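The structure file query_28.cif is reproduced below (mmCIF, C-alpha atoms).
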data_model
#
loop_
_atom_site.label_atom_id
_atom_site.label_comp_id
_atom_site.auth_asym_id
_atom_site.auth_seq_id
_atom_site.Cartn_x
_atom_site.Cartn_y
_atom_site.Cartn_z
CA MET A 174 17.44 -19.02 11.55
CA ALA A 175 14.25 -16.93 11.66
CA VAL A 176 12.08 -15.62 8.83
CA HIS A 177 9.65 -12.84 9.75
CA ILE A 178 6.81 -12.21 7.28
CA LEU A 179 5.43 -8.69 7.66
CA GLY A 180 2.15 -8.31 5.77
CA ILE A 181 1.37 -4.66 5.07
CA ARG A 182 -0.96 -2.32 3.24
CA HIS A 183 0.96 -0.57 0.45
CA HIS A 184 1.29 3.10 1.41
CA GLY A 185 -0.20 2.53 4.86
CA PRO A 186 1.25 4.90 7.52
CA GLY A 187 0.42 2.56 10.41
CA SER A 188 1.98 -0.34 8.51
CA ALA A 189 5.06 1.78 7.84
CA ARG A 190 5.35 2.74 11.51
CA ASN A 191 4.96 -0.87 12.64
CA VAL A 192 7.52 -2.11 10.08
CA LYS A 193 10.02 0.51 11.23
CA ALA A 194 9.51 -0.37 14.91
CA PHE A 195 9.71 -4.11 14.21
CA LEU A 196 12.97 -3.82 12.28
CA GLU A 197 14.54 -1.64 14.95
CA THR A 198 13.62 -4.26 17.57
CA VAL A 199 14.51 -7.47 15.68
CA ARG A 200 17.52 -6.05 13.79
CA PRO A 201 17.52 -8.48 10.85
CA ASP A 202 20.55 -9.44 8.75
CA ILE A 203 18.70 -8.91 5.48
CA VAL A 204 15.48 -7.22 4.37
CA LEU A 205 13.48 -8.57 1.42
CA VAL A 206 10.93 -6.18 -0.07
CA GLU A 207 8.11 -6.80 -2.53
CA GLY A 208 9.38 -5.15 -5.69
CA PRO A 209 11.20 -5.79 -9.00
CA PRO A 210 14.56 -7.56 -8.48
CA GLU A 211 16.04 -6.02 -11.62
CA ALA A 212 15.91 -2.70 -9.74
CA ASP A 213 18.21 -3.86 -6.91
CA ALA A 214 20.99 -1.61 -8.18
CA MET A 215 18.67 1.38 -7.71
CA LEU A 216 18.47 0.79 -3.96
CA GLN A 217 21.88 2.38 -3.42
CA TRP A 218 20.31 5.76 -4.25
CA VAL A 219 17.83 5.58 -1.36
CA SER A 220 20.47 6.95 1.01
CA ASN A 221 21.11 9.91 -1.30
CA GLU A 222 19.75 13.17 0.11
CA GLY A 223 18.59 14.22 -3.36
CA LEU A 224 16.13 11.32 -3.59
CA LYS A 225 13.10 12.48 -1.61
CA PRO A 226 9.70 10.77 -1.80
CA PRO A 227 7.25 10.68 -3.32
CA VAL A 228 9.29 8.97 -6.02
CA ALA A 229 8.75 5.94 -8.22
CA LEU A 230 10.85 3.23 -9.80
CA LEU A 231 10.28 3.09 -13.53
CA CYS A 232 10.99 -0.29 -15.12
CA TYR A 233 10.72 -0.48 -18.89
CA GLN A 234 11.79 -2.51 -21.89
CA PRO A 235 14.31 -0.44 -23.86
CA ASP A 236 13.28 -2.03 -27.17
CA ASP A 237 9.60 -1.26 -26.45
CA PRO A 238 9.43 1.69 -23.98
CA GLN A 239 5.62 1.65 -23.96
CA ARG A 240 5.90 -1.57 -21.97
CA SER A 241 6.68 -0.14 -18.58
CA VAL A 242 5.57 -0.26 -14.97
CA PHE A 243 5.85 2.16 -12.06
CA TYR A 244 6.53 1.31 -8.40
CA PRO A 245 5.69 4.42 -6.31
CA PHE A 246 6.96 5.17 -2.81
CA ALA A 247 6.04 7.82 -0.25
CA ASP A 248 7.54 8.48 3.19
CA PHE A 249 4.60 6.55 4.64
CA SER A 250 5.13 3.50 2.40
CA PRO A 251 6.21 0.50 4.52
CA GLU A 252 8.52 -0.69 1.74
CA TRP A 253 10.28 2.67 1.70
CA GLN A 254 10.78 2.66 5.46
CA ALA A 255 12.18 -0.89 5.27
CA ILE A 256 14.65 0.09 2.55
CA VAL A 257 15.69 3.24 4.42
CA TYR A 258 16.28 1.19 7.58
CA ALA A 259 18.46 -1.33 5.73
CA ARG A 260 20.51 1.38 4.04
CA ARG A 261 21.09 3.25 7.32
CA GLN A 262 22.09 0.05 9.11
CA ASN A 263 24.28 -1.00 6.19
CA ILE A 264 22.63 -4.42 5.91
CA HIS A 265 21.54 -6.32 2.81
CA VAL A 266 18.27 -5.31 1.14
CA ARG A 267 16.77 -6.84 -1.99
CA PHE A 268 13.59 -6.80 -4.00
CA MET A 269 11.92 -10.21 -4.18
CA ASP A 270 8.93 -10.03 -6.52
CA LEU A 271 8.69 -11.63 -9.95
CA PRO A 272 10.81 -9.49 -12.31
CA ALA A 273 8.83 -6.62 -13.83
CA GLY A 274 9.69 -7.73 -17.37
CA ASN A 275 8.18 -11.15 -16.75
CA GLN A 276 5.11 -9.65 -15.11
CA MET A 277 4.48 -7.47 -18.14
CA LEU A 278 4.62 -10.48 -20.46
CA VAL A 279 2.36 -12.62 -18.26
CA GLU A 280 -0.20 -9.81 -17.95
CA LYS A 281 -0.21 -9.39 -21.71
CA GLU A 282 -0.82 -13.14 -22.18
CA GLN A 283 -3.63 -13.10 -19.60
CA LYS A 284 -5.38 -10.22 -21.35
CA VAL A 285 -5.30 -12.10 -24.65
CA VAL A 286 -6.78 -15.21 -23.00
CA GLU A 287 -9.50 -13.18 -21.23
CA GLN A 288 -10.47 -11.48 -24.48
CA GLN A 289 -10.83 -14.86 -26.19
CA GLN A 290 -13.01 -16.31 -23.45
CA GLU A 291 -16.76 -15.76 -23.26
CA PRO A 292 -17.59 -13.23 -20.53
CA ASP A 293 -19.59 -14.78 -17.72
CA THR A 294 -20.46 -11.62 -15.78
CA ASP A 295 -23.96 -11.62 -17.28
CA GLN A 296 -24.86 -14.90 -15.57
CA ILE A 297 -27.79 -14.42 -13.22
CA ASN A 298 -28.32 -16.02 -9.83
CA SER A 299 -31.66 -17.02 -8.31
CA GLU A 300 -32.22 -13.49 -6.97
CA GLY A 301 -31.69 -11.82 -10.33
CA GLN A 302 -28.19 -10.49 -9.54
CA SER A 303 -25.31 -10.78 -11.98
CA LEU A 304 -22.09 -12.47 -10.89
CA GLU A 305 -20.33 -9.16 -11.43
CA GLN A 306 -22.68 -7.53 -8.92
CA LEU A 307 -22.04 -10.33 -6.43
CA TYR A 308 -18.24 -10.01 -6.49
CA LYS A 309 -16.71 -8.53 -3.36
CA SER A 310 -13.19 -7.95 -2.21
CA PRO A 311 -12.29 -10.69 0.31
CA ILE A 312 -11.34 -8.06 2.90
CA SER A 313 -14.84 -6.59 2.67
CA TYR A 314 -16.14 -9.69 4.49
CA LEU A 315 -14.02 -8.79 7.52
CA ALA A 316 -15.34 -5.24 7.30
CA ASP A 317 -18.91 -6.57 7.22
CA ALA A 318 -18.26 -8.70 10.31
CA ALA A 319 -17.03 -5.61 12.16
CA SER A 320 -20.06 -3.56 10.99
CA PHE A 321 -18.06 -1.34 8.64
CA ALA A 322 -19.71 -0.45 5.35
CA ASP A 323 -16.34 0.26 3.74
CA ASP A 324 -13.37 -2.13 3.78
CA GLU A 325 -10.83 0.69 3.44
CA LYS A 326 -12.23 2.39 6.53
CA TRP A 327 -12.18 -0.91 8.43
CA TRP A 328 -8.53 -1.47 7.51
CA GLU A 329 -7.58 2.07 8.53
CA HIS A 330 -9.17 1.87 11.97
CA THR A 331 -7.97 -1.69 12.58
CA PHE A 332 -4.37 -1.31 11.44
CA GLU A 333 -3.29 2.08 10.10
CA TYR A 334 -4.41 4.22 13.05
CA ARG A 335 -2.81 1.98 15.66
CA ASN A 336 0.74 2.74 16.83
CA ASN A 337 3.55 0.28 17.48
CA ASN A 338 1.43 -2.85 17.79
CA ASP A 339 3.85 -5.78 18.22
CA GLU A 340 1.23 -8.38 17.33
CA VAL A 341 -0.21 -6.66 14.28
CA PHE A 342 1.66 -8.77 11.73
CA ASP A 343 0.49 -12.03 13.29
CA ALA A 344 -3.08 -10.69 13.21
CA VAL A 345 -2.78 -9.64 9.55
CA SER A 346 -1.37 -13.01 8.51
CA GLU A 347 -4.07 -14.91 10.43
CA ALA A 348 -6.83 -12.79 8.88
CA MET A 349 -5.51 -13.25 5.34
CA GLN A 350 -5.07 -16.99 5.92
CA ALA A 351 -8.71 -17.26 6.99
CA LEU A 352 -9.85 -15.37 3.90
CA ARG A 353 -7.79 -17.48 1.53
CA GLU A 354 -9.20 -20.64 3.07
CA SER A 355 -12.79 -19.43 3.32
CA PHE A 356 -13.02 -17.97 -0.16
CA PRO A 357 -10.98 -20.29 -2.37
CA LYS A 358 -10.66 -19.22 -5.96
CA LYS A 359 -8.59 -20.13 -8.93
CA ASP A 360 -5.51 -18.03 -8.46
CA LYS A 361 -4.43 -16.25 -11.57
CA LYS A 362 -1.23 -17.48 -13.14
CA LEU A 363 0.53 -14.21 -12.34
CA GLU A 364 -0.26 -14.39 -8.62
CA GLN A 365 0.99 -17.97 -8.43
CA MET A 366 4.21 -17.03 -10.18
CA ARG A 367 4.79 -13.99 -8.02
CA GLU A 368 4.39 -15.91 -4.77
CA ALA A 369 6.56 -18.76 -6.05
CA TYR A 370 9.30 -16.28 -6.93
CA MET A 371 9.06 -14.65 -3.50
CA ARG A 372 9.45 -18.03 -1.80
CA ARG A 373 12.42 -18.76 -4.05
CA THR A 374 14.06 -15.50 -2.96
CA ILE A 375 13.50 -16.32 0.72
CA ARG A 376 15.07 -19.77 0.21
CA GLN A 377 18.07 -18.14 -1.46
CA ALA A 378 18.56 -15.85 1.55
CA GLU A 379 18.40 -18.89 3.83
CA LYS A 380 21.02 -20.69 1.72
CA GLU A 381 23.28 -17.66 2.09
CA MET A 382 23.08 -18.23 5.85
CA PHE A 383 21.35 -15.02 6.85
CA HIS A 384 20.15 -15.77 10.39
CA THR A 385 17.32 -13.21 10.68
CA ILE A 386 15.33 -12.43 7.55
CA ALA A 387 12.62 -9.76 7.40
CA VAL A 388 10.14 -10.00 4.51
CA ILE A 389 7.95 -7.00 3.63
CA CYS A 390 5.01 -7.94 1.40
CA GLY A 391 1.40 -7.08 0.68
CA ALA A 392 -0.89 -8.53 3.35
CA TRP A 393 -2.62 -10.92 0.93
CA HIS A 394 0.69 -12.65 0.14
CA ALA A 395 1.78 -13.17 3.77
CA PRO A 396 0.19 -16.62 4.30
CA ALA A 397 1.46 -17.88 0.92
CA LEU A 398 5.03 -17.02 1.91
CA GLN A 399 4.65 -19.03 5.12
CA TRP A 400 3.35 -22.14 3.37
CA LYS A 401 5.80 -25.01 3.11
CA SER A 402 5.61 -25.17 -0.65
CA SER A 403 8.39 -27.35 -2.03
CA GLN A 404 11.19 -25.95 -4.10
CA LYS A 405 10.27 -28.45 -6.81
CA ASP A 406 6.68 -27.17 -6.98
CA ASP A 407 7.79 -23.55 -7.15
CA ASN A 408 10.33 -24.34 -9.85
CA GLU A 409 7.56 -26.02 -11.84
CA ILE A 410 5.42 -22.88 -11.60
CA LEU A 411 8.32 -20.72 -12.74
CA LYS A 412 9.57 -23.08 -15.43
CA GLY A 413 10.17 -21.50 -18.80
CA LEU A 414 10.25 -17.88 -17.65
CA PRO A 415 11.43 -15.87 -20.66
CA LYS A 416 14.45 -13.63 -20.26
CA VAL A 417 13.32 -10.04 -20.72
CA LYS A 418 15.72 -7.10 -20.87
CA THR A 419 14.55 -4.21 -18.73
CA GLU A 420 16.08 -1.01 -17.45
CA CYS A 421 15.17 0.87 -14.28
CA THR A 422 15.47 4.40 -13.00
CA TRP A 423 14.05 6.67 -10.30
CA ILE A 424 11.59 9.37 -11.34
CA PRO A 425 9.68 12.08 -9.42
CA TRP A 426 6.12 11.25 -8.37
CA THR A 427 3.13 13.08 -6.89
CA PHE A 428 0.57 12.49 -4.16
CA ASN A 429 -2.27 12.66 -6.67
CA ARG A 430 -0.83 9.67 -8.51
CA LEU A 431 -0.94 7.63 -5.31
CA SER A 432 -4.72 7.97 -5.12
CA PHE A 433 -7.47 5.63 -6.32
CA ARG A 434 -8.71 8.35 -8.65
CA SER A 435 -5.49 8.22 -10.68
CA GLY A 436 -6.23 4.61 -11.63
CA TYR A 437 -3.37 3.27 -9.50
CA GLY A 438 -4.23 -0.30 -8.48
CA ALA A 439 -2.75 -0.01 -4.98
CA GLY A 440 -4.06 3.54 -4.57
CA ILE A 441 -5.38 5.11 -1.38
CA ASN A 442 -8.29 7.48 -0.79
CA SER A 443 -6.30 10.49 0.39
CA PRO A 444 -2.47 10.52 0.26
CA GLY A 445 -2.47 13.93 1.98
CA TRP A 446 -4.35 12.47 4.95
CA TYR A 447 -2.01 9.48 5.17
CA ASN A 448 0.98 11.80 5.04
CA HIS A 449 -0.57 13.79 7.88
CA ILE A 450 -1.11 10.82 10.20
CA TRP A 451 2.39 9.56 9.36
CA ASN A 452 3.83 12.86 10.61
CA HIS A 453 1.26 13.40 13.39
CA PRO A 454 0.06 9.98 14.58
CA HIS A 455 -1.48 11.32 17.80
CA ASP A 456 -3.42 14.21 16.27
CA ASP A 457 -7.07 14.24 17.38
CA GLY A 458 -7.98 16.34 14.36
CA THR A 459 -6.89 19.72 15.73
CA LEU A 460 -3.75 20.02 13.60
CA TRP A 461 -5.62 18.82 10.52
CA MET A 462 -8.37 21.39 11.01
CA ALA A 463 -5.79 24.12 11.56
CA GLU A 464 -4.30 23.26 8.16
CA VAL A 465 -7.75 23.32 6.56
CA ALA A 466 -8.44 26.70 8.15
CA GLN A 467 -5.16 28.02 6.77
CA LEU A 468 -6.24 26.94 3.28
CA PHE A 469 -9.55 28.77 3.63
CA ARG A 470 -7.90 31.93 4.93
CA LYS A 471 -5.65 31.98 1.87
CA GLN A 472 -8.87 32.03 -0.17
CA GLN A 473 -10.05 35.06 1.83
CA MET A 474 -12.67 33.00 3.67
CA ASP A 475 -13.58 34.01 7.21
CA THR A 476 -12.38 31.11 9.39
CA SER A 477 -11.92 31.64 13.12
CA VAL A 478 -10.42 29.62 15.96
CA ALA A 479 -13.99 29.01 17.12
CA HIS A 480 -14.73 27.34 13.76
CA ILE A 481 -11.77 25.00 14.28
CA ILE A 482 -12.77 24.12 17.84
CA GLU A 483 -16.37 23.41 16.84
CA ALA A 484 -15.31 21.31 13.84
CA VAL A 485 -12.93 19.19 15.95
CA ARG A 486 -15.66 18.65 18.54
CA LEU A 487 -18.16 17.63 15.87
CA ALA A 488 -15.70 15.19 14.30
CA GLY A 489 -15.04 13.64 17.70
CA ALA A 490 -18.76 13.33 18.38
CA LEU A 491 -19.31 11.62 15.01
CA ALA A 492 -16.52 9.14 15.76
CA SER A 493 -18.07 8.35 19.17
CA LEU A 494 -21.54 7.86 17.69
CA ARG A 495 -20.08 5.45 15.14
CA GLY A 496 -18.16 3.51 17.77
CA LEU A 497 -14.80 4.39 16.29
CA PRO A 498 -11.65 4.47 18.44
CA LYS A 499 -10.25 7.48 16.58
CA VAL A 500 -11.42 10.32 14.38
CA GLY A 501 -10.87 9.52 10.71
CA LEU A 502 -10.85 11.53 7.52
CA GLU A 503 -14.57 10.89 6.89
CA GLU A 504 -15.54 12.47 10.22
CA LEU A 505 -13.18 15.40 9.66
CA ASN A 506 -14.56 15.97 6.16
CA GLU A 507 -18.15 15.93 7.41
CA ALA A 508 -17.29 18.37 10.18
CA THR A 509 -15.46 20.61 7.71
CA LEU A 510 -18.44 20.56 5.35
CA SER A 511 -20.87 21.45 8.11
CA VAL A 512 -18.93 24.01 10.14
CA LEU A 513 -16.35 25.58 7.82
CA CYS A 514 -18.04 25.18 4.42
CA ASN A 515 -21.65 25.89 5.43
CA GLY A 516 -22.70 22.84 3.46
CA GLU A 517 -20.97 23.94 0.23
CA SER A 518 -19.33 20.75 -1.09
CA ILE A 519 -17.30 22.65 -3.70
CA LEU A 520 -15.28 24.19 -0.84
CA LEU A 521 -14.52 20.72 0.51
CA LYS A 522 -13.16 19.81 -2.92
CA LEU A 523 -10.70 22.68 -2.51
CA VAL A 524 -9.39 21.02 0.66
CA HIS A 525 -9.07 17.65 -1.08
CA ASP A 526 -7.27 19.06 -4.12
CA GLU A 527 -4.87 21.26 -2.18
CA ILE A 528 -3.92 18.74 0.50
CA ASN A 529 -3.31 15.99 -2.05
CA SER A 530 -1.06 18.19 -4.16
CA TRP A 531 2.75 18.03 -4.26
CA PRO A 532 5.08 19.63 -3.41
CA PRO A 533 3.40 20.71 -0.16
CA ASP A 534 3.59 24.19 1.25
CA ARG A 535 2.58 22.97 4.69
CA ARG A 536 4.22 20.46 7.00
CA GLY A 537 2.21 17.37 7.87
CA ALA A 538 -1.00 17.85 5.91
CA GLY A 539 0.89 18.47 2.64
#
Can I see the file as structure tokens?
Amino acid sequence: MAVHILGIRHHGPGSARNVKAFLETVRPDIVLVEGPPEADAMLQWVSNEGLKPPVALLCYQPDDPQRSVFYPFADFSPEWQAIVYARRQNIHVRFMDLPAGNQMLVEKEQKVVEQQQEPDTDQINSEGQSLEQLYKSPISYLADAASFADDEKWWEHTFEYRNNNDEVFDAVSEAMQALRESFPKKDKKLEQMREAYMRRTIRQAEKEMFHTIAVICGAWHAPALQWKSSQKDDNEILKGLPKVKTECTWIPWTFNRLSFRSGYGAGINSPGWYNHIWNHPHDDGTLWMAEVAQLFRKQQMDTSVAHIIEAVRLAGALASLRGLPKVGLEELNEATLSVLCNGESILLKLVHDEINSWPPDRRGAG
């Protein structure tokens, strides 16, 4: 019996590609996906041709509809690719996270407790910095070590831009394990309960005698699902979970709502860019710039082939100067601003808004 823990970045195209390749190679008997288990019945619709991402699962309490939560999926979401694989292969697939109804109640309780406690973010250290200013995302320490100023950019170049890397999931799990050990903190009650419930679901699959189990979860959770936590300890964490009635359905979604700017907690900088590299993983920037040029031409802006060539060359030069293995969106945006926009940032905003819109009128960059 083998349990494979695949730690991913939600809505990461490289993660999605690696998950797809891994599943096709290992061919598991069951796939467990981070998501609300009360929505398991909704998974049958994933094979329906009418259900095309981006879409989202809506889980809500029928007696209090304002209490609801959305679980978005795009083509480049690893969870979506895992579900699609399982449905096509006609194997078992289940969600394994703490039920959405329970999560909503726990989050509400936590907010009440936090409001009652005295805020400590105004505490000052010896250098005159507040604790709030000192807080950093754990992953940002790995970015710092690799000389990246931005942790999202580090993650993209380390994982999302790489294709079919067989060892990527071991590397992700090892990195997250090191962070959890090096920066211990008091885990919030909700995180403890979620990981306990995930381990419970894995144990249940083992009891049902599935020989090869694939688990798709957020990278941060991967080490916790490999820990040999006892069933007794997990049951203690989950003891007294209230029964909450929820209903679930699929709803349409948009690329804009997958972005950080929408307020989505697992958002990404540019869904349009991620959709592009999902469809064109080997593009050196030429196809992307051609799409940008097409946008400008529709606005009656003079954009020639020479502009595209020069912009692609400039983006490549910027990537080389920065020691990057591949051109990223930042380099392409800077090249677009310089060559195609003549320094006018408002024109670059046009590119961002159009390419992150849905439905797309262009393949790839949509």
Name every residue that the PyMOL selection byres ((chain A and resi 461-465) around 8) selects in this structure, writing the answer as a ChimeraX atom specification with chains first and numbers rising. /A:449,456,458-460,466-469,481,484-485,505,509,524,535,538
Which residues of range 421-491 of chain A come within 12 Å of range 175-192 of chain A, and for each one, what is the closest pair of atoms and their distance in Å to one decimal, counting only C-alpha atoms, sorted by chain and residue number, as JSON lines?
{"residue": "A:Phe428", "atom": "CA", "partner": "A:His184", "partner_atom": "CA", "distance": 10.9}
{"residue": "A:Leu431", "atom": "CA", "partner": "A:His184", "partner_atom": "CA", "distance": 8.4}
{"residue": "A:Ser432", "atom": "CA", "partner": "A:His184", "partner_atom": "CA", "distance": 10.1}
{"residue": "A:Phe433", "atom": "CA", "partner": "A:His184", "partner_atom": "CA", "distance": 12.0}
{"residue": "A:Tyr437", "atom": "CA", "partner": "A:His183", "partner_atom": "CA", "distance": 11.5}
{"residue": "A:Gly438", "atom": "CA", "partner": "A:His183", "partner_atom": "CA", "distance": 10.3}
{"residue": "A:Ala439", "atom": "CA", "partner": "A:His183", "partner_atom": "CA", "distance": 6.6}
{"residue": "A:Gly440", "atom": "CA", "partner": "A:His184", "partner_atom": "CA", "distance": 8.0}
{"residue": "A:Ile441", "atom": "CA", "partner": "A:His184", "partner_atom": "CA", "distance": 7.5}
{"residue": "A:Asn442", "atom": "CA", "partner": "A:His184", "partner_atom": "CA", "distance": 10.8}
{"residue": "A:Ser443", "atom": "CA", "partner": "A:His184", "partner_atom": "CA", "distance": 10.6}
{"residue": "A:Pro444", "atom": "CA", "partner": "A:His184", "partner_atom": "CA", "distance": 8.4}
{"residue": "A:Gly445", "atom": "CA", "partner": "A:Pro186", "partner_atom": "CA", "distance": 11.2}
{"residue": "A:Trp446", "atom": "CA", "partner": "A:Pro186", "partner_atom": "CA", "distance": 9.8}
{"residue": "A:Tyr447", "atom": "CA", "partner": "A:Pro186", "partner_atom": "CA", "distance": 6.1}
{"residue": "A:Asn448", "atom": "CA", "partner": "A:Pro186", "partner_atom": "CA", "distance": 7.3}
{"residue": "A:His449", "atom": "CA", "partner": "A:Pro186", "partner_atom": "CA", "distance": 9.1}
{"residue": "A:Ile450", "atom": "CA", "partner": "A:Pro186", "partner_atom": "CA", "distance": 6.9}
{"residue": "A:Trp451", "atom": "CA", "partner": "A:Pro186", "partner_atom": "CA", "distance": 5.1}
{"residue": "A:Asn452", "atom": "CA", "partner": "A:Pro186", "partner_atom": "CA", "distance": 8.9}
{"residue": "A:His453", "atom": "CA", "partner": "A:Pro186", "partner_atom": "CA", "distance": 10.3}
{"residue": "A:Pro454", "atom": "CA", "partner": "A:Gly187", "partner_atom": "CA", "distance": 8.5}
{"residue": "A:His455", "atom": "CA", "partner": "A:Gly187", "partner_atom": "CA", "distance": 11.6}
Nearest candidate to Arg260 in chain A (options A:His525, A:Ser220, A:Thr385, A:Ser241; using only C-alpha atoms):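 Of all the options, A:Ser220 lies closest to Arg260 in chain A.
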Just want the 6 Å neighbourhood of Val266 in chain A, counted on all atoms listed in the file, with same-chain residues fewer than 3 positions away dropped. Output as an mmCIF file with C-alpha atoms, in the frame of the given file.
data_model
loop_
_atom_site.group_PDB
_atom_site.id
_atom_site.type_symbol
_atom_site.label_atom_id
_atom_site.label_comp_id
_atom_site.auth_asym_id
_atom_site.auth_seq_id
_atom_site.Cartn_x
_atom_site.Cartn_y
_atom_site.Cartn_z
ATOM 1 C CA ILE A 203 18.700 -8.910 5.480
ATOM 2 C CA VAL A 204 15.480 -7.220 4.370
ATOM 3 C CA LEU A 205 13.480 -8.570 1.420
#
If we count all atoms listed in the file and set the cut-off at 12 Å, which residues sit around Val242 in chain A, ignoring sequence neighbours fewer than 4 positions away in its own chain? Please answer as a ChimeraX atom specification. /A:208-209,212,229-234,238,272-278,280,419-424,437-438
Give the answer as one residue: which of A:Leu414, A:Asn263, A:Asp270, A:Phe195 has the shortest atom-to-atom distance to Glu340 in chain A, using all atoms listed in the file?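 Result for the nearest residue to Glu340 in chain A: A:Phe195.
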Could you tell me which residues the PyMOL selection byres ((chain A and resi 395) around 8) grabs in this file, written as a PDB file with C-alpha atoms, in the coordinates of the input?
ATOM      1  CA  ILE A 178       6.810 -12.210   7.280  1.00  0.00           C
ATOM      2  CA  LEU A 179       5.430  -8.690   7.660  1.00  0.00           C
ATOM      3  CA  GLY A 180       2.150  -8.310   5.770  1.00  0.00           C
ATOM      4  CA  SER A 346      -1.370 -13.010   8.510  1.00  0.00           C
ATOM      5  CA  MET A 349      -5.510 -13.250   5.340  1.00  0.00           C
ATOM      6  CA  CYS A 390       5.010  -7.940   1.400  1.00  0.00           C
ATOM      7  CA  GLY A 391       1.400  -7.080   0.680  1.00  0.00           C
ATOM      8  CA  ALA A 392      -0.890  -8.530   3.350  1.00  0.00           C
ATOM      9  CA  TRP A 393      -2.620 -10.920   0.930  1.00  0.00           C
ATOM     10  CA  HIS A 394       0.690 -12.650   0.140  1.00  0.00           C
ATOM     11  CA  PRO A 396       0.190 -16.620   4.300  1.00  0.00           C
ATOM     12  CA  ALA A 397       1.460 -17.880   0.920  1.00  0.00           C
ATOM     13  CA  LEU A 398       5.030 -17.020   1.910  1.00  0.00           C
ATOM     14  CA  GLN A 399       4.650 -19.030   5.120  1.00  0.00           C
TER      15      GLN A 399
END
Evaluate the PyMOL selection byres ((chain A and resi 331) around 10) and report residues as a VMD selection string: chain A and resid 187 316 319 325 to 330 332 to 335 341 345 497 to 498
Computed interatomic separation between CA of Phe342 in chain A and CA of Ile389 in chain A (Å): 10.4 Å
Go through A:Asp457, A:Asp213, A:Asp323, A:Asp237 and flag the residue nearest Val417 in chain A, using all atoms listed in the file for the distances.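 Checking each candidate against Val417 in chain A, we get A:Asp237 as the closest.
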Using all atoms listed in the file, the best pick from A:Asn408, A:Ser313, A:Ile482, A:Pro425 as closest to Phe246 in chain A would be A:Pro425
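Counting only C-alpha atoms and comparing A:Ala369, A:Ala247, A:Ala322, A:Leu216, the residue that lies closest to His265 in chain A is A:Leu216.
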List the spatial neighbours of Leu363 in chain A as JSON, numbers by chain - criterion: any atom at most 8 Å away, all atoms listed in the file, same-chain residues fewer than 2 positions off excluded. {"A": [276, 279, 280, 361, 365, 366, 367]}
Nearest to Ile375 in chain A, chosen from A:Ile519, A:Val478, A:Ala255, A:Val206, with only C-alpha atoms counted in the distances: A:Val206
Between CA of Lys309 in chain A and CA of Ala488 in chain A - distance in Å to one decimal: 29.6 Å
Write out as a list in words the residues lying within 8 Å of Asp248 in chain A, counting all atoms listed in the file and excluding same-chain residues fewer than 5 positions away.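 So the residues in contact are Pro226, Pro227, Trp253, Gln254 and Asn448 of chain A.
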Quick check, in Å to one decimal: how far apart do CA of Cys514 in chain A and CA of Val500 in chain A lie? 19.1 Å
If I wrap all listed atoms of range 393-409 of chain A in a box with edges along x, y and z and add 3 Å on each side, what are its centre and edge lengths in Å to one decimal, as JSON?
{"center_x": 4.3, "center_y": -19.7, "center_z": -3.4, "size_x": 19.8, "size_y": 23.5, "size_z": 23.0}
